[in-house]
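Everything below concerns the one structure shown next.
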Amino acid sequence: MPETSRRGLLFGAAAVSTGALLTACTSNEPKSAQPAGNSQPAADGKPGKPVTIGFAGPQADHGWLNAINVNAKSRAEKYSEVTLEITEGSNDTAAQIGQVKTLINKKVDVLVILPADGKALTQVGLEAMKAGIPVVNLDRIFASPQAYRCWVGGDNYGMGLNAGHYIGEQLKGKANAKVVELAGIDNLELTKQRSQGFADALKNYPNIKLVARQAAEFTVESGQAKMAQLLQAQKQFDALWNHDDDQGVGALRAIQQAGRDEFIMVGGAGAKSAMDAIKADNSVIKATVLYPPTMAASAIDLARALGQSKGISGLSEMEIPTSLTLYSAVVTKDNIDQYLPTGFN
């Protein structure tokens with residue numbers, strides 16, 4: 001599952017269209033009026049210097065992780081000069097380290113790595129950087145900033161914060177409102193960050209109380225089992241925040257089996273199943289907070305720019321930033337058509 005403990009430069013609407021990130025910079029102003037920093041060429045959609053990008057990620061055993069691979073592949077295919085060397089994903093850290101070492105030995109131009117375990121893969125990231133291969137660290141962050149040239153990922157704290165504010169606004173007129181939370185795996189830093197963001201947001205709404213919290217395991221089965229327990233323990237509540245849309249499929253099953261509909265549900269990550277349910281507007285789920293897998297497409301864009309020694313259009317600096325954090329937008333029936341194309345299976 002996505003994991004990050006670093007928050008950097010907000011990447012905002014890039015969650016919807018990464019193509020806007022690296023498009024050519026145009027202006028009606030005279031050339032002399034442009035900032036000096038823009039003298040560095042910006043990456044654009046035109047074919048440039050050939051670049052071989054090595055991509056290593058964990059096993060795609062979750063909808064979000066599979067979407068990461070799909071986004072990386074489809075983005076690379078848009079560039080005729082980009083060759084993508086993609087490994088077979090593995091959750092075994094030793095196997096993934098071996099795969100990255102193979103890419104280093106192949107002398108790829110740039111590496112994009114979504115580590116199964118950021119701390120465990122730090123050393124091989126350092127090895128690549130020392131070999132002169134810049135690393136784009138995707139989402140789960142390495143233990144040392146020396147192990148990557150650029151980090152790009154999602155905002156777990158922001159997910160919780162935005163989920164909490166959405167629920168707070170829906171319930172702000174209700175006295176003694178009750179909220180429950182179906183979290184992810186509790187020993188993961190990402191889960192702690194999502195819960196902290198949610199708790200911090202709810203502090204702005206004194207009429208709302210978090211009455212129950214249950215940790216699941218990011219699977220349909222765990223979502224159904226843990227949600228059933230919550231429903232049995234809480235005979236009435238007003239809102240549910242579920243950290244992950246995959247486990248949310250199971251949670252919805254438990255809710256339907258229990259015949260409960262007195263509350264609203266907010267999901268997490270942006271799965272197509274959740275978005276379809278929001279658009280249909282015939283169940284308790286009314287929103288989902290994005291953790292966009294399009295970050296993999298952005299990582300390919302950044303790796304291409306690194307391989308071609310180019311910067312980013314729209315920024316004055318001649319180099320790409322060292323850190324990019326995508327925004328966790330709240331998707332509701334009001335904006336569903338905008339975000340539906342980003343939904344993953």
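Following the order of the structure tokens, first chain is A, next is B, and so on, with residues numbered from 1 inside each chain and ligands from 1 in the order they appear.
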
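Using only C-alpha atoms, the protein and nucleic acid residues lying no more than 7 Å from segment 166-176 of chain A, apart from those fewer than 6 places from it along its own chain, are Leu202, Tyr205, Asn207, Ile208 and Ala239 of chain A.
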
For the residues selected in the previous step, produce a file with N, CA, C and O atoms as an mmCIF file, in the first residue's frame.
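Resulting contents of out-v5.cif:
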data_model
loop_
_atom_site.group_PDB
_atom_site.id
_atom_site.type_symbol
_atom_site.label_atom_id
_atom_site.label_comp_id
_atom_site.auth_asym_id
_atom_site.auth_seq_id
_atom_site.Cartn_x
_atom_site.Cartn_y
_atom_site.Cartn_z
ATOM 1 N N LEU A 202 -11.137 16.902 12.934
ATOM 2 C CA LEU A 202 -12.340 16.842 13.768
ATOM 3 C C LEU A 202 -12.280 17.791 14.964
ATOM 4 O O LEU A 202 -13.325 18.144 15.529
ATOM 5 N N TYR A 205 -14.533 20.743 14.900
ATOM 6 C CA TYR A 205 -15.986 20.533 14.974
ATOM 7 C C TYR A 205 -16.331 19.940 16.346
ATOM 8 O O TYR A 205 -16.412 18.712 16.508
ATOM 9 N N ASN A 207 -18.939 19.556 17.881
ATOM 10 C CA ASN A 207 -20.186 18.782 17.953
ATOM 11 C C ASN A 207 -20.003 17.328 17.536
ATOM 12 O O ASN A 207 -20.918 16.518 17.664
ATOM 13 N N ILE A 208 -18.794 16.986 17.045
ATOM 14 C CA ILE A 208 -18.552 15.635 16.519
ATOM 15 C C ILE A 208 -17.615 14.861 17.438
ATOM 16 O O ILE A 208 -16.576 15.375 17.885
ATOM 17 N N ALA A 239 -21.411 9.143 10.527
ATOM 18 C CA ALA A 239 -20.453 9.135 9.415
ATOM 19 C C ALA A 239 -19.368 8.091 9.656
ATOM 20 O O ALA A 239 -19.011 7.793 10.796
#

Point to revise | Test item: residues at most 8 Å from Met227 of chain A, only C-alpha atoms, excluding those fewer than 5 positions along its chain, as a PyMOL selection string | key: chain A and resi 182+214+250-251+254-255

Check your understanding: What lies within 12 Å of Leu230 of chain A using only C-alpha atoms, ignoring chain neighbours under 6 positions off, as an MDAnalysis selection string?
Key -> chainID A and resid 179:183 211:216 223:224 236:237 240 242 251 254:255 258 260

Dump as a PDB file, in the first residue's frame, selection limited to N, CA and C atoms:
ATOM      1  N   VAL A 179     -18.999   9.662  14.861  1.00  0.00           N
ATOM      2  CA  VAL A 179     -18.221   9.230  13.699  1.00  0.00           C
ATOM      3  C   VAL A 179     -17.434   7.984  14.056  1.00  0.00           C
ATOM      4  N   VAL A 180     -17.315   7.052  13.095  1.00  0.00           N
ATOM      5  CA  VAL A 180     -16.460   5.867  13.273  1.00  0.00           C
ATOM      6  C   VAL A 180     -15.413   5.851  12.166  1.00  0.00           C
ATOM      7  N   GLU A 181     -14.316   5.156  12.433  1.00  0.00           N
ATOM      8  CA  GLU A 181     -13.183   5.123  11.504  1.00  0.00           C
ATOM      9  C   GLU A 181     -12.755   3.680  11.245  1.00  0.00           C
ATOM     10  N   LEU A 182     -12.708   3.310   9.958  1.00  0.00           N
ATOM     11  CA  LEU A 182     -12.183   2.006   9.560  1.00  0.00           C
ATOM     12  C   LEU A 182     -10.800   2.256   8.964  1.00  0.00           C
ATOM     13  N   ALA A 183      -9.784   2.043   9.775  1.00  0.00           N
ATOM     14  CA  ALA A 183      -8.414   2.380   9.389  1.00  0.00           C
ATOM     15  C   ALA A 183      -7.772   1.253   8.592  1.00  0.00           C
ATOM     16  N   VAL A 211     -16.394   7.882  17.985  1.00  0.00           N
ATOM     17  CA  VAL A 211     -16.866   6.931  18.997  1.00  0.00           C
ATOM     18  C   VAL A 211     -16.269   5.538  18.841  1.00  0.00           C
ATOM     19  N   ALA A 212     -15.683   5.235  17.678  1.00  0.00           N
ATOM     20  CA  ALA A 212     -15.105   3.901  17.487  1.00  0.00           C
ATOM     21  C   ALA A 212     -14.107   3.927  16.340  1.00  0.00           C
ATOM     22  N   ARG A 213     -13.086   3.095  16.473  1.00  0.00           N
ATOM     23  CA  ARG A 213     -12.072   2.956  15.431  1.00  0.00           C
ATOM     24  C   ARG A 213     -11.653   1.495  15.356  1.00  0.00           C
ATOM     25  N   GLN A 214     -11.581   0.968  14.143  1.00  0.00           N
ATOM     26  CA  GLN A 214     -11.185  -0.422  13.927  1.00  0.00           C
ATOM     27  C   GLN A 214     -10.165  -0.469  12.802  1.00  0.00           C
ATOM     28  N   ALA A 215      -9.085  -1.205  12.985  1.00  0.00           N
ATOM     29  CA  ALA A 215      -8.058  -1.333  11.950  1.00  0.00           C
ATOM     30  C   ALA A 215      -8.316  -2.572  11.112  1.00  0.00           C
ATOM     31  N   ALA A 216      -8.284  -2.415   9.780  1.00  0.00           N
ATOM     32  CA  ALA A 216      -8.421  -3.537   8.857  1.00  0.00           C
ATOM     33  C   ALA A 216      -7.063  -3.771   8.181  1.00  0.00           C
ATOM     34  N   GLY A 223     -11.983  -5.770   5.333  1.00  0.00           N
ATOM     35  CA  GLY A 223     -12.924  -4.664   5.400  1.00  0.00           C
ATOM     36  C   GLY A 223     -14.312  -5.119   5.801  1.00  0.00           C
ATOM     37  N   GLN A 224     -14.729  -6.256   5.233  1.00  0.00           N
ATOM     38  CA  GLN A 224     -16.062  -6.774   5.557  1.00  0.00           C
ATOM     39  C   GLN A 224     -16.135  -7.236   7.015  1.00  0.00           C
ATOM     40  N   GLN A 236     -25.856   3.118  16.227  1.00  0.00           N
ATOM     41  CA  GLN A 236     -26.199   4.312  15.441  1.00  0.00           C
ATOM     42  C   GLN A 236     -24.989   5.228  15.387  1.00  0.00           C
ATOM     43  N   PHE A 237     -24.691   5.766  14.210  1.00  0.00           N
ATOM     44  CA  PHE A 237     -23.671   6.799  14.060  1.00  0.00           C
ATOM     45  C   PHE A 237     -23.973   7.581  12.787  1.00  0.00           C
ATOM     46  N   LEU A 240     -18.867   7.556   8.558  1.00  0.00           N
ATOM     47  CA  LEU A 240     -17.771   6.580   8.570  1.00  0.00           C
ATOM     48  C   LEU A 240     -16.680   7.052   7.635  1.00  0.00           C
ATOM     49  N   ASN A 242     -13.473   5.458   5.863  1.00  0.00           N
ATOM     50  CA  ASN A 242     -12.751   4.227   5.539  1.00  0.00           C
ATOM     51  C   ASN A 242     -11.466   4.607   4.799  1.00  0.00           C
ATOM     52  N   ALA A 251     -16.432  -3.453   3.246  1.00  0.00           N
ATOM     53  CA  ALA A 251     -17.187  -2.678   4.225  1.00  0.00           C
ATOM     54  C   ALA A 251     -18.612  -2.429   3.733  1.00  0.00           C
ATOM     55  N   ALA A 254     -20.764  -5.494   4.190  1.00  0.00           N
ATOM     56  CA  ALA A 254     -21.221  -5.652   5.574  1.00  0.00           C
ATOM     57  C   ALA A 254     -22.346  -4.681   5.892  1.00  0.00           C
ATOM     58  N   ILE A 255     -22.230  -3.465   5.392  1.00  0.00           N
ATOM     59  CA  ILE A 255     -23.260  -2.447   5.623  1.00  0.00           C
ATOM     60  C   ILE A 255     -24.583  -2.867   4.989  1.00  0.00           C
ATOM     61  N   ALA A 258     -26.199  -5.696   6.825  1.00  0.00           N
ATOM     62  CA  ALA A 258     -26.795  -5.259   8.093  1.00  0.00           C
ATOM     63  C   ALA A 258     -28.012  -4.375   7.885  1.00  0.00           C
ATOM     64  N   ARG A 260     -28.053  -1.205   7.083  1.00  0.00           N
ATOM     65  CA  ARG A 260     -27.829   0.101   7.718  1.00  0.00           C
ATOM     66  C   ARG A 260     -27.642   1.186   6.651  1.00  0.00           C
TER      67      ARG A 260
END

Review point. If you count only C-alpha atoms, which residues fall within 12 Å of Asp337 of chain A, apart from same-chain ones fewer than 3 positions away, as number ranges by chain?
Key: A: 16, 272, 275-276, 278-280, 331-334, 340-343

**Study point:** For Asn137 of chain A: contacts at 10 Å, only C-alpha atoms, fewer than 2 positions along chain excluded, given as a ChimeraX atom specification
**Key:** /A:111-115,118,122,125,134-135,139-142,145,147-153,299,322-323

Non-local contacts of Asn66 of chain A (9 Å; only C-alpha atoms; under 6 positions in same chain excluded) as a compact mmCIF listing (two decimals) with all heavy atoms, in the first residue's frame:
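And here's out.txt as it stands now:
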# COMPACT_ATOMS: atom_id res chain seq x y z
N GLN A 59 4.95 -5.97 -5.54
CA GLN A 59 3.97 -6.82 -6.21
C GLN A 59 2.62 -6.11 -6.30
O GLN A 59 2.17 -5.50 -5.33
CB GLN A 59 3.82 -8.14 -5.45
CG GLN A 59 2.90 -9.15 -6.10
CD GLN A 59 2.86 -10.45 -5.31
OE1 GLN A 59 3.71 -10.70 -4.46
NE2 GLN A 59 1.86 -11.27 -5.59
N ALA A 60 1.99 -6.18 -7.45
CA ALA A 60 0.71 -5.51 -7.67
C ALA A 60 -0.43 -6.36 -7.12
O ALA A 60 -1.31 -6.81 -7.86
CB ALA A 60 0.52 -5.21 -9.14
N PRO A 293 -2.83 7.26 -8.01
CA PRO A 293 -1.79 6.43 -8.62
C PRO A 293 -1.16 7.08 -9.84
O PRO A 293 -0.16 6.59 -10.37
CB PRO A 293 -2.54 5.15 -9.00
CG PRO A 293 -3.97 5.59 -9.19
CD PRO A 293 -4.18 6.67 -8.18
N PHE A 344 -9.26 3.67 -10.41
CA PHE A 344 -8.56 2.42 -10.72
C PHE A 344 -9.36 1.22 -10.25
O PHE A 344 -10.15 1.30 -9.33
CB PHE A 344 -7.17 2.41 -10.06
CG PHE A 344 -7.18 2.59 -8.57
CD1 PHE A 344 -7.30 1.49 -7.72
CD2 PHE A 344 -7.08 3.84 -8.00
CE1 PHE A 344 -7.32 1.64 -6.33
CE2 PHE A 344 -7.09 4.03 -6.63
CZ PHE A 344 -7.22 2.92 -5.80
N ASN A 345 -9.13 0.07 -10.93
CA ASN A 345 -9.86 -1.15 -10.59
C ASN A 345 -9.16 -1.90 -9.46
O ASN A 345 -7.94 -1.82 -9.33
CB ASN A 345 -9.97 -2.05 -11.81
CG ASN A 345 -10.84 -1.44 -12.89
OD1 ASN A 345 -11.92 -0.93 -12.60
ND2 ASN A 345 -10.37 -1.44 -14.14

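For the residues A:Gln96, A:Ser309, A:Gln256, A:Ser74, ranking by smallest atom-to-atom distance to Ile285 of chain A using only C-alpha atoms places A:Gln256 first.
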
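All residues of protein, DNA or RNA that reach within 10 Å of Asp61 of chain A, judged by only C-alpha atoms and not counting those fewer than 2 positions away in the chain, are Met1, Pro58, Gln59, Gly63, Trp64, Leu65, Asn66, Gly89, Ser90, Asn91 and Thr219 of chain A.
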
Put those residues in a file: C-alpha atoms, as a short mmCIF file (atom, residue, chain, number, x, y, z; two decimals), in the first residue's frame.
data_model
loop_
_atom_site.label_atom_id
_atom_site.label_comp_id
_atom_site.auth_asym_id
_atom_site.auth_seq_id
_atom_site.Cartn_x
_atom_site.Cartn_y
_atom_site.Cartn_z
CA MET A 1 0.00 0.00 0.00
CA PRO A 58 6.33 -4.02 -5.23
CA GLN A 59 3.97 -6.82 -6.21
CA GLY A 63 -5.78 -2.29 -6.89
CA TRP A 64 -3.76 0.84 -6.17
CA LEU A 65 -0.42 -0.88 -6.77
CA ASN A 66 -1.65 -2.36 -10.04
CA GLY A 89 7.10 -6.59 -8.75
CA SER A 90 8.01 -8.24 -5.47
CA ASN A 91 7.09 -7.74 -1.82
CA THR A 219 -8.34 -6.23 1.76
#

Exercise for review: Could you tell me, as number ranges by chain, which residues of segment 21-257 of chain A DSSP assigns to helix (DSSP H, G or I) when given the backbone?
Suggested key: A: 31-33, 36-39, 63-77, 93-105, 122-130, 145-147, 156-171, 189-202, 220-233, 245-257

Export C-alpha atoms of the chosen residues as a CSV table (one decimal), in the first residue's frame?
chain,number,residue,atom,x,y,z
A,31,LYS,CA,12.1,37.0,-24.6
A,32,SER,CA,14.0,39.6,-22.6
A,33,ALA,CA,11.2,39.9,-20.1
A,36,ALA,CA,16.7,34.4,-16.0
A,37,GLY,CA,16.0,31.0,-14.5
A,38,ASN,CA,13.9,30.0,-17.5
A,39,SER,CA,16.9,29.8,-19.7
A,63,GLY,CA,-5.8,-2.3,-6.9
A,64,TRP,CA,-3.8,0.8,-6.2
A,65,LEU,CA,-0.4,-0.9,-6.8
A,66,ASN,CA,-1.6,-2.4,-10.0
A,67,ALA,CA,-2.7,1.1,-11.1
A,68,ILE,CA,0.8,2.4,-10.3
A,69,ASN,CA,2.2,-0.1,-12.9
A,70,VAL,CA,-0.5,0.8,-15.4
A,71,ASN,CA,0.2,4.5,-15.1
A,72,ALA,CA,4.0,4.1,-15.4
A,73,LYS,CA,3.7,1.9,-18.5
A,74,SER,CA,1.1,4.1,-20.3
A,75,ARG,CA,3.0,7.3,-19.6
A,76,ALA,CA,6.3,5.8,-20.9
A,77,GLU,CA,4.5,4.7,-24.1
A,93,THR,CA,12.8,-6.9,-0.1
A,94,ALA,CA,15.8,-9.0,-1.0
A,95,ALA,CA,14.2,-9.9,-4.3
A,96,GLN,CA,13.5,-6.2,-5.1
A,97,ILE,CA,17.0,-5.2,-4.1
A,98,GLY,CA,18.3,-7.8,-6.5
A,99,GLN,CA,16.1,-6.4,-9.3
A,100,VAL,CA,17.3,-2.9,-8.7
A,101,LYS,CA,20.9,-4.1,-8.8
A,102,THR,CA,20.2,-5.7,-12.1
A,103,LEU,CA,18.9,-2.3,-13.5
A,104,ILE,CA,22.0,-0.6,-12.1
A,105,ASN,CA,24.3,-3.1,-13.9
A,122,THR,CA,17.7,2.7,1.1
A,123,GLN,CA,21.1,1.2,0.6
A,124,VAL,CA,20.5,0.1,-3.0
A,125,GLY,CA,19.1,3.6,-3.7
A,126,LEU,CA,22.4,5.0,-2.4
A,127,GLU,CA,24.3,2.5,-4.6
A,128,ALA,CA,22.4,3.8,-7.7
A,129,MET,CA,23.1,7.4,-6.9
A,130,LYS,CA,26.8,6.7,-6.3
A,145,PRO,CA,17.6,11.8,1.2
A,146,GLN,CA,21.0,10.9,-0.3
A,147,ALA,CA,19.3,7.8,-1.8
A,156,ASN,CA,-1.4,10.6,3.9
A,157,TYR,CA,-1.9,13.2,6.5
A,158,GLY,CA,-3.8,15.3,4.0
A,159,MET,CA,-6.1,12.4,3.2
A,160,GLY,CA,-7.2,12.2,6.8
A,161,LEU,CA,-7.4,16.0,7.1
A,162,ASN,CA,-9.6,16.4,4.0
A,163,ALA,CA,-11.8,13.4,5.0
A,164,GLY,CA,-12.3,15.0,8.4
A,165,HIS,CA,-13.1,18.4,7.1
A,166,TYR,CA,-15.6,17.0,4.5
A,167,ILE,CA,-17.4,15.0,7.2
A,168,GLY,CA,-17.3,17.9,9.6
A,169,GLU,CA,-19.0,20.2,7.1
A,170,GLN,CA,-21.7,17.6,6.4
A,171,LEU,CA,-22.4,17.2,10.1
A,189,GLU,CA,3.3,4.9,9.2
A,190,LEU,CA,0.7,5.8,6.5
A,191,THR,CA,-2.1,4.6,8.7
A,192,LYS,CA,-0.9,6.7,11.7
A,193,GLN,CA,-0.7,9.7,9.4
A,194,ARG,CA,-4.2,9.3,8.0
A,195,SER,CA,-5.6,8.9,11.5
A,196,GLN,CA,-3.8,11.9,12.8
A,197,GLY,CA,-5.0,14.1,10.0
A,198,PHE,CA,-8.5,12.9,10.6
A,199,ALA,CA,-8.3,13.6,14.3
A,200,ASP,CA,-6.8,17.0,13.8
A,201,ALA,CA,-9.6,18.0,11.4
A,202,LEU,CA,-12.3,16.8,13.8
A,220,VAL,CA,-12.0,-6.8,0.8
A,221,GLU,CA,-12.2,-9.7,3.4
A,222,SER,CA,-10.8,-7.6,6.3
A,223,GLY,CA,-12.9,-4.7,5.4
A,224,GLN,CA,-16.1,-6.8,5.6
A,225,ALA,CA,-15.1,-8.5,8.8
A,226,LYS,CA,-14.0,-5.4,10.7
A,227,MET,CA,-16.9,-3.3,9.4
A,228,ALA,CA,-19.3,-6.0,10.6
A,229,GLN,CA,-17.7,-5.7,14.1
A,230,LEU,CA,-18.1,-1.9,14.1
A,231,LEU,CA,-21.8,-2.1,13.0
A,232,GLN,CA,-22.5,-4.6,15.8
A,233,ALA,CA,-20.9,-2.5,18.4
A,245,ASP,CA,-11.4,1.8,-1.2
A,246,ASP,CA,-10.3,-1.8,-1.7
A,247,GLN,CA,-11.3,-2.7,1.9
A,248,GLY,CA,-14.3,-0.4,1.4
A,249,VAL,CA,-15.8,-3.0,-1.0
A,250,GLY,CA,-16.0,-5.4,1.9
A,251,ALA,CA,-17.2,-2.7,4.2
A,252,LEU,CA,-20.1,-1.9,1.9
A,253,ARG,CA,-21.0,-5.6,1.8
A,254,ALA,CA,-21.2,-5.7,5.6
A,255,ILE,CA,-23.3,-2.4,5.6
A,256,GLN,CA,-25.7,-3.8,3.1
A,257,GLN,CA,-26.0,-7.1,4.9

Exercise for review: Enumerate as a VMD selection string all residues of segment 140-301 of chain A assigned to strand (DSSP E or B) by DSSP on the backbone, naming them with the chain letters and numbers the document uses.
Suggested key: chain A and resid 150 to 153 177 to 183 208 to 215 239 to 242 264 to 269 271 285 to 290

Could you take the residues named above and write them with C-alpha atoms, as a compact mmCIF listing (two decimals), in the first residue's frame?
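Okay, this is what ended up in selection-v5.txt:
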# COMPACT_ATOMS: atom_id res chain seq x y z
CA CYS A 150 13.58 13.45 -6.30
CA TRP A 151 10.75 12.09 -4.17
CA VAL A 152 7.17 12.15 -5.49
CA GLY A 153 4.20 10.73 -3.64
CA ALA A 177 -22.76 13.71 15.96
CA LYS A 178 -20.98 10.36 16.07
CA VAL A 179 -18.22 9.23 13.70
CA VAL A 180 -16.46 5.87 13.27
CA GLU A 181 -13.18 5.12 11.50
CA LEU A 182 -12.18 2.01 9.56
CA ALA A 183 -8.41 2.38 9.39
CA ILE A 208 -18.55 15.63 16.52
CA LYS A 209 -17.11 12.75 18.51
CA LEU A 210 -15.11 9.79 17.20
CA VAL A 211 -16.87 6.93 19.00
CA ALA A 212 -15.10 3.90 17.49
CA ARG A 213 -12.07 2.96 15.43
CA GLN A 214 -11.18 -0.42 13.93
CA ALA A 215 -8.06 -1.33 11.95
CA ALA A 239 -20.45 9.14 9.42
CA LEU A 240 -17.77 6.58 8.57
CA TRP A 241 -14.32 7.25 7.21
CA ASN A 242 -12.75 4.23 5.54
CA ILE A 264 -22.60 8.75 5.23
CA MET A 265 -19.39 6.98 4.19
CA VAL A 266 -16.18 8.55 2.89
CA GLY A 267 -13.62 6.31 1.19
CA GLY A 268 -9.92 6.64 0.51
CA ALA A 269 -7.58 6.36 -2.52
CA ALA A 271 -10.95 3.34 -6.72
CA ILE A 285 -20.78 6.23 0.15
CA LYS A 286 -20.83 9.92 -0.76
CA ALA A 287 -17.15 10.78 -1.23
CA THR A 288 -13.64 9.40 -1.55
CA VAL A 289 -10.36 11.18 -0.78
CA LEU A 290 -7.73 10.68 -3.47

Check your understanding: For the atom pair atom CA of Met295 of chain A and atom CA of Tyr339 of chain A, what is the interatomic distance in Å to one decimal place?
Key -> 14.5 Å

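For the set A:Leu326, A:Val108, A:Ile185, A:Ala303, the residue with the smallest atom-to-atom gap to Asp155 of chain A is A:Leu326, counting only C-alpha atoms.
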
**Study point:** Distance of atom CA of Glu217 of chain A from atom CA of Gly184 of chain A, expressed in Å to one decimal place
**Key:** 5.4 Å
